[in-house]
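Source file: data_9.cif; contents: mmCIF, C-alpha atoms.
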```
data_input
loop_
_atom_site.label_atom_id
_atom_site.label_comp_id
_atom_site.auth_asym_id
_atom_site.auth_seq_id
_atom_site.Cartn_x
_atom_site.Cartn_y
_atom_site.Cartn_z
CA MET A 1 0.00 0.00 0.00
CA THR A 2 1.24 3.48 -0.82
CA PHE A 3 0.64 6.24 1.66
CA LEU A 4 0.25 9.96 1.27
CA TYR A 5 0.95 12.40 4.08
CA PRO A 6 -1.25 15.47 3.69
CA VAL A 7 0.58 18.42 5.23
CA ALA A 8 -2.83 19.86 6.23
CA SER A 9 -3.11 17.14 8.89
CA ASN A 10 -0.27 18.83 10.77
CA ALA A 11 -2.72 21.58 11.74
CA ALA A 12 -3.62 19.39 14.75
CA HIS A 13 -0.16 20.01 16.22
CA PRO A 14 0.69 22.95 18.46
CA ALA A 15 2.37 25.98 16.89
CA PRO A 16 6.13 25.96 17.55
CA LEU A 17 5.86 29.24 19.45
CA SER A 18 3.36 28.98 22.30
CA PRO A 19 4.44 31.86 24.58
CA GLU A 20 2.58 30.56 27.65
CA TYR A 21 5.03 27.65 27.49
CA LYS A 22 8.12 29.68 28.31
CA SER A 23 10.72 27.24 26.98
CA SER A 24 9.24 27.61 23.49
CA ILE A 25 10.16 31.31 23.26
CA LYS A 26 13.86 30.80 22.45
CA ARG A 27 13.52 27.43 20.73
CA ALA A 28 10.86 28.06 18.11
CA PRO A 29 12.01 29.00 14.61
CA SER A 30 11.26 32.62 13.74
CA ARG A 31 11.15 32.02 9.98
CA PRO A 32 8.45 30.12 8.16
CA LEU A 33 9.09 26.46 7.45
CA ILE A 34 9.83 25.82 3.78
CA PRO A 35 7.31 23.61 1.98
CA MET A 36 8.59 20.89 -0.36
CA ARG A 37 7.31 17.79 -2.12
CA HIS A 38 7.82 14.53 -0.29
CA THR A 39 10.54 12.38 -1.82
CA LEU A 40 11.44 8.77 -1.07
CA SER A 41 13.51 10.09 1.85
CA GLU A 42 10.40 11.46 3.55
CA LEU A 43 8.10 8.60 2.51
CA THR A 44 10.15 5.75 3.98
CA GLY A 45 11.01 5.05 7.59
CA PRO A 46 12.94 2.76 9.89
CA VAL A 47 12.09 -0.91 10.37
CA TYR A 48 13.19 -2.56 13.62
CA GLY A 49 14.65 -5.92 14.40
CA HIS A 50 13.30 -8.41 16.90
CA GLU A 51 15.98 -7.34 19.35
CA THR A 52 14.52 -3.84 19.64
CA VAL A 53 11.74 -4.96 21.97
CA ARG A 54 12.79 -7.56 24.51
CA GLU A 55 10.40 -9.85 26.34
CA GLY A 56 9.00 -8.01 29.32
CA ASP A 57 9.81 -4.52 28.01
CA SER A 58 6.11 -3.63 27.92
CA ASP A 59 5.57 -4.35 31.63
CA LEU A 60 7.08 -1.52 33.68
CA THR A 61 6.06 -3.17 36.96
CA THR A 62 8.32 -6.22 36.63
CA GLN A 63 11.69 -4.69 35.76
CA HIS A 64 13.08 -4.85 39.31
CA LYS A 65 13.20 -7.17 42.30
CA GLY A 66 10.07 -5.77 43.90
CA GLU A 67 6.89 -4.20 42.66
CA PRO A 68 6.73 -0.44 42.26
CA LEU A 69 4.48 1.57 44.54
CA GLY A 70 1.38 3.15 43.09
CA GLU A 71 -1.76 2.27 41.23
CA ARG A 72 -1.11 -0.54 38.73
CA ILE A 73 -2.73 0.18 35.36
CA ILE A 74 -3.04 -1.30 31.89
CA VAL A 75 -2.62 1.16 29.02
CA HIS A 76 -3.61 -0.20 25.66
CA GLY A 77 -5.05 0.80 22.33
CA HIS A 78 -4.40 0.87 18.61
CA VAL A 79 -1.94 2.79 16.50
CA LEU A 80 -3.98 3.93 13.51
CA ASP A 81 -3.40 5.80 10.28
CA GLU A 82 -5.57 8.65 9.02
CA ASP A 83 -7.93 6.18 7.35
CA GLY A 84 -8.47 4.38 10.65
CA ARG A 85 -6.43 1.34 9.61
CA GLY A 86 -4.17 -0.25 12.19
CA VAL A 87 -0.45 0.46 11.81
CA PRO A 88 1.15 -2.98 12.21
CA ASN A 89 4.51 -3.85 13.77
CA THR A 90 5.40 -0.32 14.71
CA LEU A 91 7.55 0.58 17.69
CA LEU A 92 6.12 2.36 20.71
CA GLU A 93 8.35 3.68 23.48
CA ILE A 94 7.06 5.21 26.71
CA TRP A 95 8.61 7.00 29.65
CA GLN A 96 6.96 8.53 32.68
CA ALA A 97 7.25 9.77 36.25
CA ASN A 98 6.63 7.39 39.14
CA ALA A 99 3.50 7.40 41.30
CA CYS A 100 4.88 10.34 43.28
CA GLY A 101 5.49 12.47 40.19
CA ARG A 102 9.27 11.95 40.19
CA TYR A 103 11.32 11.02 37.11
CA ILE A 104 14.44 8.93 37.47
CA HIS A 105 16.24 11.47 35.23
CA VAL A 106 19.28 12.97 36.99
CA ARG A 107 18.07 16.50 36.38
CA ASP A 108 14.65 16.04 37.99
CA GLN A 109 14.94 17.86 41.33
CA HIS A 110 11.32 17.52 42.47
CA PRO A 111 11.53 16.63 46.20
CA ALA A 112 9.41 13.52 45.89
CA PRO A 113 10.83 10.04 46.47
CA LEU A 114 12.32 7.85 43.79
CA ASP A 115 11.06 4.28 43.70
CA PRO A 116 13.88 1.70 43.52
CA ASN A 117 11.47 -0.65 41.81
CA PHE A 118 10.45 1.69 39.03
CA THR A 119 12.53 2.97 36.12
CA GLY A 120 9.58 4.30 34.14
CA ALA A 121 10.65 3.28 30.63
CA GLY A 122 9.04 0.70 28.36
CA ARG A 123 8.74 -0.51 24.78
CA ALA A 124 6.24 -2.46 22.77
CA GLN A 125 5.56 -3.27 19.16
CA SER A 126 2.06 -3.07 17.73
CA ASP A 127 0.68 -6.38 16.43
CA ALA A 128 -0.66 -7.05 12.95
CA SER A 129 -3.80 -5.03 13.73
CA GLY A 130 -1.95 -2.09 15.26
CA TYR A 131 -2.81 -3.11 18.82
CA TYR A 132 -0.39 -2.43 21.69
CA ARG A 133 -0.48 -2.94 25.44
CA PHE A 134 1.59 -1.75 28.39
CA VAL A 135 1.35 -2.50 32.11
CA THR A 136 2.63 0.28 34.33
CA ILE A 137 1.67 2.40 37.34
CA LYS A 138 -0.28 5.62 37.20
CA PRO A 139 2.17 8.54 37.17
CA GLY A 140 1.75 11.41 39.61
CA ALA A 141 1.38 15.09 38.80
CA TYR A 142 4.48 17.18 39.44
CA PRO A 143 5.43 20.84 39.78
CA TRP A 144 7.58 22.66 37.24
CA GLY A 145 9.01 26.15 36.98
CA ASN A 146 7.07 27.55 34.04
CA HIS A 147 4.98 29.95 36.17
CA HIS A 148 3.80 30.36 39.76
CA ASN A 149 2.27 27.13 41.09
CA ALA A 150 2.65 25.33 37.76
CA TRP A 151 1.85 21.58 37.84
CA ARG A 152 1.86 19.17 34.92
CA PRO A 153 -1.22 17.00 34.66
CA ALA A 154 -0.31 13.33 35.06
CA HIS A 155 0.90 12.00 31.72
CA ILE A 156 2.81 9.23 29.97
CA HIS A 157 5.20 10.22 27.17
CA PHE A 158 4.86 8.15 24.00
CA SER A 159 7.21 7.87 21.04
CA VAL A 160 5.75 6.26 17.92
CA PHE A 161 7.09 5.71 14.40
CA GLY A 162 4.47 4.66 11.85
CA HIS A 163 4.96 4.09 8.13
CA ALA A 164 7.40 6.91 7.34
CA PHE A 165 9.92 9.24 8.92
CA ILE A 166 7.32 12.00 8.60
CA SER A 167 4.69 10.03 10.51
CA ARG A 168 6.99 10.14 13.55
CA LEU A 169 5.08 11.34 16.61
CA VAL A 170 5.94 12.09 20.23
CA PRO A 171 2.69 12.78 22.08
CA GLN A 172 1.74 12.66 25.75
CA MET A 173 -1.15 10.55 27.03
CA TYR A 174 -3.26 12.20 29.71
CA PHE A 175 -5.85 10.76 32.08
CA PRO A 176 -9.56 11.62 31.88
CA ASN A 177 -10.97 14.57 33.82
CA ASP A 178 -7.67 15.83 35.20
CA PRO A 179 -8.38 19.08 37.12
CA LEU A 180 -5.02 20.48 35.99
CA PHE A 181 -5.97 20.59 32.28
CA PRO A 182 -7.16 24.23 32.23
CA PHE A 183 -3.88 25.46 33.73
CA ASP A 184 -1.32 23.53 31.67
CA PRO A 185 0.29 25.50 28.82
CA ILE A 186 1.67 22.36 27.15
CA PHE A 187 -1.74 20.66 26.99
CA ASN A 188 -3.37 23.92 25.88
CA ALA A 189 -0.74 24.61 23.23
CA VAL A 190 -3.07 22.38 21.20
CA THR A 191 -5.65 25.05 20.53
CA ASP A 192 -8.45 22.93 19.08
CA GLU A 193 -10.62 21.39 21.76
CA LYS A 194 -11.33 18.23 19.77
CA ALA A 195 -7.63 17.75 19.09
CA ARG A 196 -6.87 18.19 22.80
CA GLY A 197 -9.42 15.48 23.50
CA ARG A 198 -7.41 13.05 21.35
CA MET A 199 -4.54 13.29 23.86
CA VAL A 200 -6.73 12.09 26.73
CA SER A 201 -7.11 8.37 27.36
CA SER A 202 -10.50 6.92 28.23
CA PHE A 203 -11.22 4.79 31.26
CA ASP A 204 -11.81 1.25 29.99
CA LEU A 205 -13.87 -0.67 32.52
CA ASP A 206 -14.41 -3.60 30.15
CA ASN A 207 -10.70 -4.33 30.05
CA THR A 208 -10.00 -3.60 33.68
CA GLN A 209 -8.73 -6.78 35.32
CA PRO A 210 -10.71 -7.49 38.49
CA GLU A 211 -8.62 -7.64 41.66
CA TRP A 212 -5.56 -6.53 39.71
CA ALA A 213 -5.42 -3.36 37.55
CA LEU A 214 -7.55 -0.55 36.14
CA CYS A 215 -7.39 -0.03 32.39
CA TYR A 216 -7.12 3.01 30.14
CA ARG A 217 -7.46 3.05 26.36
CA PHE A 218 -5.34 5.38 24.24
CA ASN A 219 -5.58 5.22 20.47
CA ILE A 220 -2.84 7.02 18.57
CA VAL A 221 -3.61 8.35 15.10
CA LEU A 222 -0.54 8.92 12.95
CA ARG A 223 -0.20 10.71 9.65
CA GLY A 224 -0.65 8.57 6.56
CA ALA A 225 -3.62 8.05 4.25
CA ASN A 226 -4.13 5.59 1.43
CA ALA A 227 -2.87 7.06 -1.82
CA THR A 228 -5.68 5.28 -3.71
CA PRO A 229 -8.76 5.51 -1.51
CA MET A 230 -11.56 3.02 -2.03
CA GLU A 231 -14.52 4.36 -3.93
CA THR A 232 -17.21 5.67 -1.67
CA LYS A 233 -20.55 3.91 -1.74
CA MET B 1 -10.30 9.59 6.00
CA THR B 2 -11.48 9.33 9.57
CA ASP B 3 -13.05 12.43 10.97
CA GLN B 4 -11.09 12.09 14.16
CA GLY B 5 -7.83 13.65 12.94
CA ILE B 6 -4.31 12.81 14.04
CA THR B 7 -3.04 12.76 17.60
CA PRO B 8 -1.33 16.07 18.40
CA SER B 9 2.35 16.24 19.23
CA GLN B 10 3.60 17.33 22.65
CA THR B 11 7.10 18.19 23.75
CA VAL B 12 9.57 15.39 24.41
CA GLY B 13 10.27 17.35 27.63
CA PRO B 14 13.49 17.63 29.64
CA PHE B 15 13.51 14.08 31.01
CA PHE B 16 13.48 11.80 27.95
CA LYS B 17 17.06 10.60 28.18
CA TYR B 18 16.56 7.66 30.55
CA GLY B 19 13.89 6.26 28.24
CA LEU B 20 15.07 7.20 24.75
CA THR B 21 18.83 7.86 24.91
CA PRO B 22 20.05 6.22 28.16
CA ASN B 23 23.57 5.74 26.75
CA GLY B 24 24.74 3.66 29.70
CA GLN B 25 23.69 6.20 32.32
CA TYR B 26 20.40 4.58 33.31
CA ASP B 27 19.05 1.12 34.02
CA TRP B 28 17.61 0.80 30.52
CA ASN B 29 19.06 -0.23 27.18
CA ASP B 30 19.41 1.85 24.04
CA ALA B 31 17.13 0.84 21.19
CA PHE B 32 19.10 3.15 18.91
CA THR B 33 22.40 4.98 19.07
CA GLY B 34 24.42 7.44 17.04
CA ASN B 35 26.38 4.63 15.38
CA LEU B 36 24.59 3.55 12.21
CA VAL B 37 27.46 1.49 10.83
CA THR B 38 27.11 -2.29 10.83
CA PRO B 39 30.02 -4.64 10.04
CA ASP B 40 28.82 -5.36 6.51
CA THR B 41 27.97 -1.78 5.63
CA SER B 42 29.57 -0.68 2.42
CA GLY B 43 30.36 2.91 1.65
CA GLU B 44 32.51 5.74 2.91
CA ARG B 45 32.56 5.92 6.71
CA ILE B 46 31.88 9.43 7.91
CA ARG B 47 31.12 11.22 11.14
CA ILE B 48 28.57 14.03 11.31
CA GLU B 49 28.92 16.25 14.35
CA GLY B 50 27.97 19.66 15.61
CA ARG B 51 26.19 21.59 18.32
CA VAL B 52 22.64 22.83 18.83
CA PHE B 53 21.94 26.43 19.89
CA ASP B 54 18.83 28.33 20.93
CA GLY B 55 17.74 31.86 19.99
CA ASP B 56 20.13 33.39 22.54
CA GLY B 57 23.04 31.42 21.10
CA ALA B 58 23.10 29.23 24.22
CA PRO B 59 23.84 25.52 23.73
CA VAL B 60 20.84 23.20 24.01
CA PRO B 61 21.80 20.29 26.29
CA ASP B 62 18.45 18.49 26.12
CA CYS B 63 17.79 17.95 22.44
CA MET B 64 17.17 14.58 20.87
CA LEU B 65 18.26 14.22 17.25
CA GLU B 66 17.16 11.45 14.92
CA VAL B 67 18.56 10.78 11.46
CA TRP B 68 17.17 8.76 8.57
CA GLN B 69 19.19 8.12 5.45
CA ALA B 70 19.75 5.87 2.46
CA ASP B 71 22.67 3.47 2.20
CA SER B 72 25.61 4.09 -0.09
CA GLN B 73 23.54 2.80 -3.04
CA GLY B 74 20.84 5.35 -2.34
CA ARG B 75 18.47 2.68 -1.06
CA PHE B 76 16.38 2.84 2.11
CA ALA B 77 16.13 -0.09 4.51
CA ASP B 78 12.36 -0.11 4.19
CA PRO B 79 10.27 -2.48 2.04
CA GLN B 80 8.40 0.59 0.81
CA ASP B 81 11.51 1.36 -1.22
CA LYS B 82 10.76 -1.10 -4.01
CA ARG B 83 13.75 -0.43 -6.24
CA ALA B 84 15.82 -3.52 -6.87
CA LEU B 85 19.09 -2.40 -5.35
CA PRO B 86 21.39 -4.32 -3.03
CA ASN B 87 21.26 -3.48 0.63
CA ALA B 88 23.33 -4.53 3.59
CA ALA B 89 22.18 -4.69 7.21
CA PHE B 90 22.53 -0.93 7.29
CA ARG B 91 19.32 0.35 8.86
CA GLY B 92 19.78 4.04 8.18
CA PHE B 93 18.29 5.25 11.46
CA GLY B 94 20.12 6.79 14.42
CA ARG B 95 19.28 8.69 17.57
CA VAL B 96 21.33 10.70 20.07
CA GLY B 97 20.76 13.17 22.87
CA THR B 98 22.85 16.34 22.94
CA ASP B 99 25.39 16.60 25.75
CA ALA B 100 25.96 19.45 28.23
CA ASP B 101 27.61 21.51 25.45
CA GLY B 102 24.74 20.92 23.07
CA ALA B 103 27.00 18.64 21.04
CA TYR B 104 25.97 15.62 18.97
CA ALA B 105 27.67 13.11 16.69
CA PHE B 106 26.59 10.36 14.32
CA ASP B 107 28.89 7.72 12.86
CA THR B 108 27.50 6.66 9.54
CA ILE B 109 28.25 6.36 5.85
CA MET B 110 27.92 8.81 3.02
CA PRO B 111 24.44 8.19 1.59
CA GLY B 112 23.96 7.57 -2.09
CA GLN B 113 21.70 9.60 -4.32
CA VAL B 114 17.93 9.26 -3.96
CA PRO B 115 15.56 10.31 -6.73
CA ASP B 116 12.99 13.05 -6.29
CA PRO B 117 9.35 12.43 -7.35
CA ASP B 118 10.26 13.22 -10.98
CA GLY B 119 13.14 10.75 -10.94
CA LYS B 120 15.73 13.49 -10.80
CA PRO B 121 18.64 12.64 -8.50
CA GLN B 122 18.88 14.54 -5.23
CA ALA B 123 22.26 15.34 -3.76
CA PRO B 124 23.35 13.00 -0.93
CA HIS B 125 21.49 14.03 2.20
CA VAL B 126 20.37 12.87 5.62
CA LEU B 127 16.98 13.69 7.10
CA LEU B 128 17.18 15.09 10.60
CA ALA B 129 14.39 15.43 13.18
CA VAL B 130 15.06 17.73 16.13
CA PHE B 131 13.17 17.19 19.40
CA GLY B 132 13.57 19.09 22.66
CA ARG B 133 12.15 20.69 25.73
CA GLY B 134 10.36 23.82 24.57
CA MET B 135 9.64 22.24 21.20
CA LEU B 136 6.00 21.20 21.03
CA ARG B 137 6.64 19.26 17.86
CA HIS B 138 9.90 18.08 16.38
CA LEU B 139 11.35 20.04 13.47
CA TYR B 140 12.56 18.48 10.24
CA THR B 141 15.65 19.57 8.38
CA ARG B 142 18.23 17.99 6.05
CA ILE B 143 21.98 17.61 6.23
CA TYR B 144 23.82 18.00 2.92
CA PHE B 145 27.55 17.56 2.43
CA GLY B 146 29.96 20.33 1.49
CA GLY B 147 31.98 19.70 -1.66
CA GLU B 148 29.33 17.53 -3.35
CA ALA B 149 28.90 18.72 -6.91
CA ALA B 150 25.30 17.48 -6.89
CA ASN B 151 24.37 20.16 -4.34
CA GLU B 152 24.28 22.66 -7.21
CA SER B 153 21.39 20.90 -8.88
CA ASP B 154 19.55 19.51 -5.84
CA PRO B 155 15.81 20.21 -6.22
CA VAL B 156 15.25 20.74 -2.49
CA LEU B 157 18.21 23.03 -1.90
CA ALA B 158 16.91 25.03 -4.86
CA LEU B 159 13.78 25.83 -2.82
CA VAL B 160 15.89 27.47 -0.11
CA PRO B 161 16.91 31.13 -0.45
CA PRO B 162 20.61 31.14 -1.41
CA ASP B 163 21.64 33.07 1.70
CA ARG B 164 20.19 30.34 3.93
CA ARG B 165 21.46 27.23 2.12
CA ALA B 166 24.65 27.13 4.16
CA THR B 167 22.57 26.23 7.24
CA LEU B 168 21.91 22.84 5.60
CA ILE B 169 25.39 22.01 4.32
CA ALA B 170 27.86 20.29 6.64
CA THR B 171 31.48 21.34 6.23
CA ARG B 172 34.13 18.69 5.72
CA GLU B 173 37.11 18.95 8.03
CA PRO B 174 40.36 19.02 6.05
CA GLY B 175 41.91 15.57 5.76
CA LYS B 176 39.31 13.83 7.92
CA PRO B 177 36.03 12.01 7.13
CA VAL B 178 34.25 14.36 9.51
CA TYR B 179 31.47 16.76 8.60
CA ARG B 180 30.39 19.55 10.94
CA LEU B 181 26.99 21.21 11.07
CA ASP B 182 25.70 23.36 13.90
CA LEU B 183 21.96 23.78 14.29
CA HIS B 184 20.41 27.09 15.29
CA LEU B 185 16.81 26.73 16.39
CA GLN B 186 16.24 30.47 16.09
CA GLY B 187 18.06 33.70 15.24
CA ASP B 188 20.34 35.14 12.57
CA ASN B 189 21.79 31.81 11.50
CA GLU B 190 18.52 29.99 11.96
CA THR B 191 18.59 26.51 10.41
CA VAL B 192 16.17 25.99 7.56
CA PHE B 193 13.33 23.70 8.64
CA PHE B 194 10.91 22.09 6.23
CA ASP B 195 7.14 22.00 6.26
CA ILE B 196 6.69 18.33 5.45
#
```
Before we go any further, please render this structure as structure tokens.
Amino acid sequence: MTFLYPVASNAAHPAPLSPEYKSSIKRAPSRPLIPMRHTLSELTGPVYGHETVREGDSDLTTQHKGEPLGERIIVHGHVLDEDGRGVPNTLLEIWQANACGRYIHVRDQHPAPLDPNFTGAGRAQSDASGYYRFVTIKPGAYPWGNHHNAWRPAHIHFSVFGHAFISRLVPQMYFPNDPLFPFDPIFNAVTDEKARGRMVSSFDLDNTQPEWALCYRFNIVLRGANATPMETK
Amino acid sequence: MTDQGITPSQTVGPFFKYGLTPNGQYDWNDAFTGNLVTPDTSGERIRIEGRVFDGDGAPVPDCMLEVWQADSQGRFADPQDKRALPNAAFRGFGRVGTDADGAYAFDTIMPGQVPDPDGKPQAPHVLLAVFGRGMLRHLYTRIYFGGEAANESDPVLALVPPDRRATLIATREPGKPVYRLDLHLQGDNETVFFDI
């Protein structure tokens, strides 16, 4: 199948300069991006070997001797293209804070405890239908220095590839009904309300495992549409 | 087309390194590194290195850079490239995080020529995606190679105003297979980024 990547779809993304998010002020280009036709370089993308995702990489609760503290959750869903077709065999990487809102990163100075049983990094590959699944713990909210009393809503960072280098996407998955949404300049850098909604997972009672873990569903829609669409009925 | 639209991008943030570029510093393995060369890779070994700067000219120590390129034959390691050309185990994809000085380096090979949509050869180039704290979506640019005659007729470079083309062309260090290209996210020497 040959895919097209309409540039118009990029309108869902935040503008590079979103002044409420202070770090964007000196890191956003000041000149317009230059349009060009996609060549084979843009329309192809990396393929991974079996060694990229090791057994157990998708369960962030079993990487250490003990179990991490916090609320165990299942995060699953489909990676889809713009036609709603599953994107098969594509790599997903996640990283996140622990249940207390602390990242293991050396530069995170938030005075909340680290958890020796939680690194907070995982990988999975979508199956033939585009389905993926992680087991992790629910990350905590955490403060940051953007403005007075700034707190990030709880989120899991995702990194996804798709069919081409230009379908590459690094979104954040949020949790439903977070009271911090109205105050977060990163979340609100996505100006369209419907598009913001696509960053929020849904609580998935049907796939919650009784006596074990709550479940959230997060579908990820990447760029890429069929170059020869089926005729409409 | 679905009516739901694509999932919006968000910043990679300041704390991606333990998950995406641990580089031996965290209890997690690297899926990708800055070394693209495999033992059976044919072609001219080169290093591409440089630094990343913000609009104040300050180095950016928390960027992630990803490259995607063809092999020395000009072929991509992707079944979507259907041309019947030989290919080694060369995967053509690399990823690094910038260090405290904003510096990066990739060890790779000089890519071959890839056709444009009209079949016209493009000059050898590497696609580069730049991610970072403060960047709500990654930016795409290209790295070309100084001294390549094909640069003069490259259809993409031709789209770039002549006074900005130098921001895309890495400079070869005399006598060494090393190309240098600094990236400027903003300002007078701002790197050309593409709307793709």
With a distance threshold of 6 Å and counting only C-alpha atoms, extract the residues of chain B near chain A and express them as a PyMOL selection string. chain B and resi 1-2+6-10+15+19+31+54-55+116-117+134-136+185-186+193-195
Would you put the residues from that selection into a file with C-alpha atoms, as a short mmCIF file (atom, residue, chain, number, x, y, z; two decimals), keeping the file's coordinate frame?
```
data_model
loop_
_atom_site.label_atom_id
_atom_site.label_comp_id
_atom_site.auth_asym_id
_atom_site.auth_seq_id
_atom_site.Cartn_x
_atom_site.Cartn_y
_atom_site.Cartn_z
CA MET B 1 -10.30 9.59 6.00
CA THR B 2 -11.48 9.33 9.57
CA ILE B 6 -4.31 12.81 14.04
CA THR B 7 -3.04 12.76 17.60
CA PRO B 8 -1.33 16.07 18.40
CA SER B 9 2.35 16.24 19.23
CA GLN B 10 3.60 17.33 22.65
CA PHE B 15 13.51 14.08 31.01
CA GLY B 19 13.89 6.26 28.24
CA ALA B 31 17.13 0.84 21.19
CA ASP B 54 18.83 28.33 20.93
CA GLY B 55 17.74 31.86 19.99
CA ASP B 116 12.99 13.05 -6.29
CA PRO B 117 9.35 12.43 -7.35
CA GLY B 134 10.36 23.82 24.57
CA MET B 135 9.64 22.24 21.20
CA LEU B 136 6.00 21.20 21.03
CA LEU B 185 16.81 26.73 16.39
CA GLN B 186 16.24 30.47 16.09
CA PHE B 193 13.33 23.70 8.64
CA PHE B 194 10.91 22.09 6.23
CA ASP B 195 7.14 22.00 6.26
#
```
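For the structure shown here, the set of residues caught by the PyMOL selection byres ((chain B and resi 107) around 12) is Thr33, Gly34, Asn35, Leu36, Val37, Thr38, Thr41, Glu44, Arg45, Ile46, Arg47, Ile48, Glu49, Val67, Gly92, Phe93, Gly94, Arg95, Val96, Tyr104, Ala105, Phe106, Thr108, Ile109, Met110, Pro177, Val178 and Tyr179 of chain B.
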Under the rule that only C-alpha atoms are counted, which of B:Lys17, B:Arg91, B:Arg83, B:His125 is the nearest residue to B:Gln113? B:His125
Please compute the atom CA of B:His138-atom CA of B:Ala89 distance, one decimal, in Å.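 About the pair atom CA of B:His138 and atom CA of B:Ala89: they are 27.4 Å apart.
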Using atom CA of A:Asp59 and atom CA of B:Gln25 as the two end points, give the distance in Å to one decimal. 21.0 Å
Find the residue from A:Pro179, A:Gly130, A:Gly101, A:Pro68 that sits nearest to A:Pro143; use all atoms listed in the file when measuring.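 Checking each candidate against A:Pro143, we get A:Gly101 as the closest.
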Just say which residues the PyMOL selection byres ((chain B and resi 122) around 6) picks in this file, as a PyMOL selection string. chain B and resi 113-115+121+123+154
When you write stretch 54-105 of chain B out from the block above, keep C-alpha atoms and present the result as an mmCIF file, in the first residue's frame, please.
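Wrote decode16.cif, looks like this:
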```
data_model
loop_
_atom_site.group_PDB
_atom_site.id
_atom_site.type_symbol
_atom_site.label_atom_id
_atom_site.label_comp_id
_atom_site.auth_asym_id
_atom_site.auth_seq_id
_atom_site.Cartn_x
_atom_site.Cartn_y
_atom_site.Cartn_z
ATOM 1 C CA ASP B 54 18.833 28.333 20.927
ATOM 2 C CA GLY B 55 17.737 31.860 19.993
ATOM 3 C CA ASP B 56 20.130 33.386 22.541
ATOM 4 C CA GLY B 57 23.039 31.424 21.104
ATOM 5 C CA ALA B 58 23.101 29.228 24.217
ATOM 6 C CA PRO B 59 23.841 25.519 23.732
ATOM 7 C CA VAL B 60 20.838 23.204 24.015
ATOM 8 C CA PRO B 61 21.796 20.287 26.290
ATOM 9 C CA ASP B 62 18.454 18.491 26.119
ATOM 10 C CA CYS B 63 17.788 17.947 22.438
ATOM 11 C CA MET B 64 17.167 14.582 20.865
ATOM 12 C CA LEU B 65 18.265 14.219 17.253
ATOM 13 C CA GLU B 66 17.158 11.452 14.923
ATOM 14 C CA VAL B 67 18.563 10.776 11.456
ATOM 15 C CA TRP B 68 17.167 8.759 8.567
ATOM 16 C CA GLN B 69 19.191 8.117 5.452
ATOM 17 C CA ALA B 70 19.753 5.875 2.460
ATOM 18 C CA ASP B 71 22.667 3.467 2.200
ATOM 19 C CA SER B 72 25.611 4.085 -0.088
ATOM 20 C CA GLN B 73 23.545 2.797 -3.040
ATOM 21 C CA GLY B 74 20.840 5.349 -2.336
ATOM 22 C CA ARG B 75 18.469 2.678 -1.065
ATOM 23 C CA PHE B 76 16.384 2.842 2.114
ATOM 24 C CA ALA B 77 16.133 -0.092 4.511
ATOM 25 C CA ASP B 78 12.364 -0.106 4.188
ATOM 26 C CA PRO B 79 10.274 -2.484 2.041
ATOM 27 C CA GLN B 80 8.396 0.586 0.815
ATOM 28 C CA ASP B 81 11.515 1.360 -1.220
ATOM 29 C CA LYS B 82 10.756 -1.096 -4.013
ATOM 30 C CA ARG B 83 13.751 -0.433 -6.238
ATOM 31 C CA ALA B 84 15.822 -3.524 -6.868
ATOM 32 C CA LEU B 85 19.088 -2.401 -5.353
ATOM 33 C CA PRO B 86 21.388 -4.317 -3.035
ATOM 34 C CA ASN B 87 21.256 -3.482 0.628
ATOM 35 C CA ALA B 88 23.328 -4.533 3.595
ATOM 36 C CA ALA B 89 22.177 -4.695 7.214
ATOM 37 C CA PHE B 90 22.531 -0.932 7.288
ATOM 38 C CA ARG B 91 19.323 0.345 8.859
ATOM 39 C CA GLY B 92 19.782 4.035 8.181
ATOM 40 C CA PHE B 93 18.292 5.250 11.465
ATOM 41 C CA GLY B 94 20.117 6.789 14.417
ATOM 42 C CA ARG B 95 19.284 8.688 17.570
ATOM 43 C CA VAL B 96 21.332 10.698 20.066
ATOM 44 C CA GLY B 97 20.758 13.173 22.868
ATOM 45 C CA THR B 98 22.852 16.343 22.937
ATOM 46 C CA ASP B 99 25.390 16.604 25.750
ATOM 47 C CA ALA B 100 25.962 19.453 28.226
ATOM 48 C CA ASP B 101 27.606 21.511 25.451
ATOM 49 C CA GLY B 102 24.737 20.921 23.073
ATOM 50 C CA ALA B 103 26.998 18.636 21.044
ATOM 51 C CA TYR B 104 25.970 15.621 18.970
ATOM 52 C CA ALA B 105 27.665 13.106 16.694
#
```
